[in-house]
Amino acid sequence: MENDKNSQKIVDYIRNFSRKHSLFVLAYGTGCGAIEIPATMTSRYDAERFGIRGAATPRQADVLLITGYLSTKTLKRVIRVYEQMQEPKYVIGFGSCTINGGMYYDSYNTINGLDQYLPVDVYINGCMPRPEAVISGFVKLQELILAGKANNGEKYRENLEHYRTNQKKIIKNWKMPDYNW
Amino acid sequence: MEDLGLKIFGAILTTIMGFTVGMTYGGIVRKLTARVQNRFGPPFYQNFLDLLKLQSKKTNVAHGFMGHMAPVWIIIAAVTVLMFIPILNGNLWFPNMSFHGDLIFLLYMMVFGSLGMALGAGQTGNPNSAIGVTRGLSQMVGYEIPFVLALVALMIQYETTSIQELTKIQHETGVWNAFANPFAFLAALFASLGMFRYSPFDIVGAPAELASGPVSEFGGKYLGTMMSGGAIFAFIKLTLYVHLFFGGAGNADDSGILATLAGIGILLVKTFLLYMIPVFYGWINPRYRTEQAIRYFWGWPTALGVIGVLWAVYIN
Amino acid sequence: MNIFFTIISLLFSGALLVFLINKVLPKISGVVAFITIAVVSALFFTQVTVGESYHYMVGEIQMQFGVTYYTYIFAIIVLGLSTLASLYSIQYMQGKQRLGFFYSNYLLTVAGMIGIIFSQDFISFFIFWEIMTWSSYLLVIYNGYNSSKIGMKYMIFSAIGAYAMLAAIVSIKANYDTYIITEAMQNGAFSFSDHIYIPIMLLIGFAVKAALMPLHVWAPNAYSKSPMSFTAIFSGAMSKMGILGMGLVLASAYSYSNSESGNAILALRYTLGWLGGITAVMATIYALIQTDAKKLLAYSSVAQLGYIIVGLSTGTKLGVMAALFLAIVHGVFKGALFMVVGAVEKQAGTTDMTKISGLIRKMPWTFFVALVSIIALAGVPPLGGFVGKWMLYEALITESNNYFLVIVIFFSSTAAFLYSYRFLYGLFLGQEETDTAHVKEAPITMLIPMVILALILIVTGAYPGILFEPIAHGMHYLGFNDVNWDMSILVNVWGEESNMGYINMTIGVVFVVIFTFLTLKGYKGTKEVGTKDISTGGEVPAENENLSYQLDYFKPFERAAAPLYKRSMNKIWSDLGNAMEALFDFTRKIYTGNGQTYAIFVIIFLVILLLLKDTLFAN
């Protein structure tokens, strides 16, 4: 029905507007890129005017920031944290290491591209990206949310097999429970 | 029947007003905090956006039946207390059920919500939640003592336990209770620092120390409901203080639209100015440990409360 | 054969019968005990009319039996709780030894309490008081834990109280020439007008049973070490016998005394009120730090009795009504809580909160009863405990001049939230451990009494008038006239009211609305997870990893209130005991065992007699 579609469009618009302007970032610094986050959150570059604030536990968080290189040890915990978050959830890859391995592309211990293990919404390149770059990454994420294109939580759920095989290849002592859903 | 319809309408209006004002105050405080810290901060309607986002989460995780009930109990406590406080003095639309309950009932009902949240947080099984709850309850034992001393001083001085009577007496004598019994007011003011959980008494929900304490396992619609319950509670406590110590708001003789709006305006101004006191104090203070906080409340604030009770008994 | 004789003899013969049956067929001894008490309750509530009495002459002493309106209140508590507790006890005591001993003493205790309720003269009162005391002593040492220490303490304090009471009874006979309680009360026998030592001795006797400081030191261990189905009536009903006695003494002091004793009565009010307040505070803060659920409840019983005594000490209508109402409600929720702890002990094996936790999913009905009882204990609306607390605070603020007592009581009441939460968290919430995986719900005959008690609490919250009616009649007997009461509305003397009907309606409506909203919103996307799926920093907790927080639970509060914890009544009593022992050791030296010293003692005695013969045998 024309009316249903219009009202559905308005409801979706309000939902996406509120999701875009209130992003809770999990306070988890996975790698060396985490040094740029306090600078982004505090007075000079002030991420709070976009509605971005820190959250203490995965249950309260929307956005997972993978800041820099990811060792396999940390990858196991990051997967657990990602699966404990509630949908809709977004992943932002920070720094060159998440794109193609960066400086540690030939290391035995780190991963070479985040996209095989977790679905990523936005990449921010740089080594480290400055706070202005971080904020522009968040603004890109906000545009994606408003357009309704940031549904990677569902994508993870539907392609769970694919992601699991990739994860189990690289993590040797896999002792995690099945996915929550 | 028409009376009942008016009452229900007034009740719904009160709830909406409490909720909106509480959330807006939270947003304004965030903006002011940002300004004090030399940055811009979120817009003043940010709390509403947070609430909408939390309620529109597609999946929610609950840890059991008590975890599901915890936000319900907080809202029950908030709305019930709101029904029994006269928002505007003598107004036809807003007194709700304030004739049928008095101060002692309000004191106990405010605890009902904390108990609910504590039980829900307990069922999640996270030890951080349990630690947060015990710290919160211990702190409550701390600040309730000067608060009750102040209330008892007022009750003795004017020989009434009803809030409406106290407000009416302030109108008749023309002197606010903050000046008629200054020691009681100071004791209650110190207690309010603990009630609003700004620094230095915010160890209960410390994000980095305790993984945010009792709310650590709540997300989505549960967290949203708890946030709104907290906002209504802030409004309730502020209104209670204004009625007890600052003469309340609203004209007892006039119930027209204009007088009601003027009354609400005065109420908003008074509550906001009173809210600034714990917020100001919080901007400049670090956090107390729990035993430091409890000892703080049992020191000078309790002494001031005792002097307030003696003042009420002997000076009047 | 009048009805009182029938009831008492039924109970005594039931005790004997159970003892004999246990030797033949142990499995049904519990059922026999339950049937006895149930029959007695049915007889009492249908056949007994209040106000009639029967006389017996034994030698020259007239013994009188009857039920007054005042003792009817306590009969409700005693009989109701005993019936439910004996039903509970059938399954609880199954498989234990010496059941004949247990049940016969159980029935004797109930017989003692009923006898106290029936007796209207002091001699039978004292006889049944003693029967109650020694049968409960035998049950306290049933479990065999360190019986000499725990049982002895209880016996010594009860003996002190009983002898004080006997001295007062004999004094009353000597001064007022009557043993009948009503006559003595209305003649002002224990009313502080003259012979002040009489009411003080009586109060000491009753204060031991009602666990008033400083005579409360037997209570925590005795309540926690006896079997739980007995503690339900020990703490729920037997302590109220002390309240019964104190009510009689205080009524005489307030209503029937002459005007010259005003100062003594004022001193009584303040002393008793502050003793009750200090009991409440000290017992509460000791309850916070316990790790054993039984001992926590025992300390909490002592604290709640402190509230009741404070209410009695005010002496005003609202205060005494609050005290009697709290007495009934306390019997209900303490009985329910001790039954809950007994059920947990039977199913899980221990009540140490550091060893078990997280039983909510396995014992949901038990949790429901515990939740309702804890809400009533904490005094939170809309249940019955709030009604009593409201009346108590109003009485203290509006009618008595004892303002600082309000603060003390309020402090104790707020600290009661702490141990209430501790009890629920320690046993039911928190992490579920693997060693409690075998626990199942309690059997049905244990569940039914608990649920009945919980429902009583819910009903008296909305309609407290059900209990106000017998209390108002009882207060008329005590000398208070025009006690007004209403079915759902509580009023204080300044005219403010608290309408329980409106309160419960509001809570109910809001609950339904919000619960529906929260359940329906996002219904398909809500998932329930267990307690191991928590945010432990990304780690997955292993099966045997202990994540429960049960030890040093309120350490910050302990540190903050450290000066309060240093005072201990036990230490004072044991110091007194040691001093007495040193004195006795010294006087023992008279017995030298040597015949010549004994001869010298006789000669010295004769010399003293000869020297003082004029003053000693003056004519």
# chains A, B, ... in the order shown; residues from 1 in each chain; ligands from 1
>>> closest_atom_pairs(of="chain C", to="chain A", cutoff="7 Å", atoms="only C-alpha atoms", output="tab-separated table")
residue	atom	partner	partner_atom	distance
C:Ser535	CA	A:Thr57	CA	6.3
C:Gly538	CA	A:Arg77	CA	4.6
C:Glu539	CA	A:Arg77	CA	6.1
C:Val540	CA	A:Met176	CA	6.7
>>> closest_atom_pairs(of="chain B", to="chain A", cutoff="6 Å", atoms="only C-alpha atoms", output="CSV")
residue,atom,partner,partner_atom,distance
B:Arg39,CA,A:Ser43,CA,5.1
B:Gly41,CA,A:Arg49,CA,4.4
B:Pro42,CA,A:Arg49,CA,4.0
B:Leu49,CA,A:Ser18,CA,5.0
B:Asp50,CA,A:Ser22,CA,5.5
B:Lys53,CA,A:Arg19,CA,5.0
B:Lys58,CA,A:Glu87,CA,5.4
B:Thr59,CA,A:Glu87,CA,5.5
B:Pro207,CA,A:Ala56,CA,5.5
B:Ala211,CA,A:Ala56,CA,5.2
B:Glu217,CA,A:Arg59,CA,5.9
B:Gly219,CA,A:Gln60,CA,4.8
>>> closest_atom_pairs(of="chain B", to="chain C", cutoff="7 Å", atoms="only C-alpha atoms", output="tab-separated table")
residue	atom	partner	partner_atom	distance
B:Lys58	CA	C:Gly525	CA	6.0
B:Thr59	CA	C:Gly525	CA	4.4
B:Asn60	CA	C:Thr526	CA	4.5
B:Val61	CA	C:Lys527	CA	5.0
B:Ala62	CA	C:Glu528	CA	4.8
B:His63	CA	C:Val529	CA	5.2
B:Gly64	CA	C:Glu528	CA	6.2
B:Val72	CA	C:Ile514	CA	6.0
B:Ile76	CA	C:Val510	CA	5.8
B:Thr80	CA	C:Thr506	CA	6.5
B:His100	CA	C:Ser498	CA	5.1
B:Gly101	CA	C:Ser498	CA	4.4
B:Asp102	CA	C:Ser498	CA	6.5
B:Ile104	CA	C:Trp390	CA	6.8
B:Tyr108	CA	C:Val380	CA	5.8
B:Met109	CA	C:Pro381	CA	6.4
B:Phe112	CA	C:Val380	CA	6.4
B:Gly122	CA	C:Gly430	CA	5.5
B:Gln123	CA	C:Leu429	CA	4.8
B:Thr124	CA	C:Thr531	CA	5.7
B:Gly125	CA	C:Gly430	CA	4.3
B:Asn126	CA	C:Ile534	CA	6.1
B:Pro127	CA	C:Tyr549	CA	5.6
B:Thr134	CA	C:Phe554	CA	6.7
B:Leu137	CA	C:Leu418	CA	6.4
B:Ser138	CA	C:Phe557	CA	6.1
B:Val141	CA	C:Thr414	CA	5.8
B:Ile145	CA	C:Phe411	CA	6.6
B:Leu149	CA	C:Ile407	CA	6.7
B:Thr160	CA	C:Trp494	CA	6.4
B:Thr161	CA	C:Glu496	CA	6.7
B:Ser162	CA	C:Glu496	CA	6.5
B:Thr290	CA	C:Pro556	CA	5.9
B:Glu291	CA	C:Ala560	CA	4.8
B:Ile294	CA	C:Ala560	CA	6.4
B:Arg295	CA	C:Ala560	CA	6.0
>>> write_last_selection(atoms="C-alpha atoms", output="PDB file, in the first residue's frame")
ATOM      1  CA  LYS B  58      16.745  -5.340  16.619  1.00  0.00           C
ATOM      2  CA  THR B  59      17.955  -7.969  19.061  1.00  0.00           C
ATOM      3  CA  ASN B  60      17.844  -7.878  22.853  1.00  0.00           C
ATOM      4  CA  VAL B  61      19.477 -10.088  25.414  1.00  0.00           C
ATOM      5  CA  ALA B  62      17.930 -10.855  28.776  1.00  0.00           C
ATOM      6  CA  HIS B  63      19.361 -13.007  31.524  1.00  0.00           C
ATOM      7  CA  GLY B  64      16.194 -14.375  33.014  1.00  0.00           C
ATOM      8  CA  VAL B  72       9.625  -2.553  34.908  1.00  0.00           C
ATOM      9  CA  ILE B  76       6.685   1.428  38.542  1.00  0.00           C
ATOM     10  CA  THR B  80       3.948   5.736  41.489  1.00  0.00           C
ATOM     11  CA  HIS B 100      -3.705   9.760  49.712  1.00  0.00           C
ATOM     12  CA  GLY B 101      -0.052   9.349  50.556  1.00  0.00           C
ATOM     13  CA  ASP B 102       2.457  11.256  52.589  1.00  0.00           C
ATOM     14  CA  ILE B 104       6.987   8.492  54.688  1.00  0.00           C
ATOM     15  CA  TYR B 108       9.912   3.958  51.047  1.00  0.00           C
ATOM     16  CA  MET B 109       8.571   3.917  47.517  1.00  0.00           C
ATOM     17  CA  PHE B 112      11.346   0.035  45.430  1.00  0.00           C
ATOM     18  CA  GLY B 122      21.919  -9.817  40.392  1.00  0.00           C
ATOM     19  CA  GLN B 123      20.421 -12.370  38.090  1.00  0.00           C
ATOM     20  CA  THR B 124      22.794 -11.589  35.267  1.00  0.00           C
ATOM     21  CA  GLY B 125      25.557 -13.253  37.210  1.00  0.00           C
ATOM     22  CA  ASN B 126      28.155 -10.640  36.458  1.00  0.00           C
ATOM     23  CA  PRO B 127      30.240  -9.998  39.567  1.00  0.00           C
ATOM     24  CA  THR B 134      26.421  -3.327  47.087  1.00  0.00           C
ATOM     25  CA  LEU B 137      23.149   0.280  48.705  1.00  0.00           C
ATOM     26  CA  SER B 138      25.911   1.134  51.176  1.00  0.00           C
ATOM     27  CA  VAL B 141      22.577   4.055  53.966  1.00  0.00           C
ATOM     28  CA  ILE B 145      20.512   9.654  57.405  1.00  0.00           C
ATOM     29  CA  LEU B 149      16.890  14.104  59.748  1.00  0.00           C
ATOM     30  CA  THR B 160       2.337  17.702  59.326  1.00  0.00           C
ATOM     31  CA  THR B 161       3.574  14.915  57.105  1.00  0.00           C
ATOM     32  CA  SER B 162       1.870  15.996  53.936  1.00  0.00           C
ATOM     33  CA  THR B 290      32.533   3.943  49.218  1.00  0.00           C
ATOM     34  CA  GLU B 291      33.693   4.093  52.819  1.00  0.00           C
ATOM     35  CA  ILE B 294      29.637   6.902  53.871  1.00  0.00           C
ATOM     36  CA  ARG B 295      31.862   8.573  56.467  1.00  0.00           C
TER      37      ARG B 295
END
>>> select_by_dssp(residues="segment 50-180 of chain B", states="alpha helix (DSSP H)", output="ChimeraX atom specification")
/B:50-55,65-83,103-124,127-158,163-173,177-180
>>> select_by_dssp(residues="chain A", states="strand (DSSP E)", output="PyMOL selection string")
chain A and resi 23-26+52-55+63-67+90-94+122-124
>>> closest_residue(among="B:Ala70, B:Val133, B:Ala312, B:Leu106", to="Ser212 of chain B", atoms="only C-alpha atoms")
B:Val133
>>> residues_around(residues="segment 570-579 of chain C", least_positions_apart="2", cutoff="10 Å", atoms="only C-alpha atoms", output="list of chain:residue names")
C:Pro214, C:Leu215, C:His216, C:Val217, C:Trp218, C:Arg567, C:Ser568, C:Glu581, C:Ala582, C:Leu583, C:Phe584, C:Asp585
>>> residues_around(residues="Pro129 of chain A", least_positions_apart="5", cutoff="12 Å", atoms="only C-alpha atoms", output="ChimeraX atom specification")
/A:32-37,39-40,67-68,93-97,123-124,134-137
>>> residues_around(residues="segment 227-231 of chain B", least_positions_apart="3", cutoff="12 Å", atoms="only C-alpha atoms", output="compact mmCIF listing (two decimals) with C-alpha atoms, in the first residue's frame")
# COMPACT_ATOMS: atom_id res chain seq x y z
CA THR B 15 4.08 11.26 33.43
CA ILE B 16 4.81 12.75 30.03
CA MET B 17 5.90 15.99 31.61
CA GLY B 18 8.15 14.25 34.13
CA PHE B 19 9.76 12.15 31.44
CA THR B 20 10.32 15.02 29.01
CA VAL B 21 11.66 17.43 31.60
CA GLY B 22 13.95 14.81 33.12
CA MET B 23 15.48 13.84 29.80
CA THR B 24 15.87 17.44 28.68
CA TYR B 25 17.62 18.35 31.90
CA GLY B 26 20.04 15.49 31.30
CA GLY B 27 20.78 16.80 27.83
CA ASN B 47 19.06 11.92 25.50
CA PHE B 48 15.95 11.46 23.38
CA LEU B 49 18.06 10.29 20.45
CA ASP B 50 19.85 7.83 22.72
CA LEU B 51 16.51 6.51 23.92
CA LEU B 52 15.15 6.12 20.40
CA LEU B 54 18.15 1.93 22.22
CA GLN B 55 14.49 1.14 21.73
CA ALA B 70 14.16 -4.88 36.60
CA PRO B 71 13.33 -1.95 34.28
CA VAL B 72 9.63 -2.55 34.91
CA TRP B 73 10.10 -2.08 38.64
CA ILE B 74 12.07 1.11 38.16
CA ILE B 75 9.31 2.59 36.04
CA ILE B 76 6.68 1.43 38.54
CA ALA B 77 8.53 3.17 41.37
CA ALA B 78 9.06 6.32 39.33
CA VAL B 79 5.48 6.64 38.12
CA THR B 80 3.95 5.74 41.49
CA VAL B 81 6.00 8.34 43.31
CA LEU B 82 5.14 10.84 40.60
CA MET B 110 11.75 5.45 46.16
CA GLY B 113 12.99 0.93 42.14
CA SER B 114 16.53 0.44 43.39
CA GLY B 116 14.15 -3.96 41.38
CA MET B 117 17.26 -2.92 39.54
CA MET B 195 21.05 11.08 45.55
CA PHE B 196 21.87 12.45 42.14
CA ARG B 197 25.01 10.34 41.81
CA VAL B 215 23.72 -1.78 34.21
CA PHE B 218 21.60 -4.46 30.14
CA GLY B 219 21.30 -3.27 26.59
CA GLY B 220 18.73 -2.31 24.03
CA LYS B 221 15.19 -1.79 25.28
CA TYR B 222 16.12 -2.59 28.90
CA LEU B 223 18.80 0.07 29.01
CA GLY B 224 16.47 2.55 27.34
CA ALA B 234 15.70 13.04 38.81
CA PHE B 235 12.63 15.17 38.12
CA ILE B 236 10.81 13.69 41.11
CA LYS B 237 13.59 14.42 43.54
CA LEU B 238 13.97 17.97 42.30
CA ILE C 514 4.90 -1.39 31.33
>>> atom_distance(atom1="atom CA of Val372 of chain C", atom2="atom CA of Lys294 of chain C")
17.9 Å
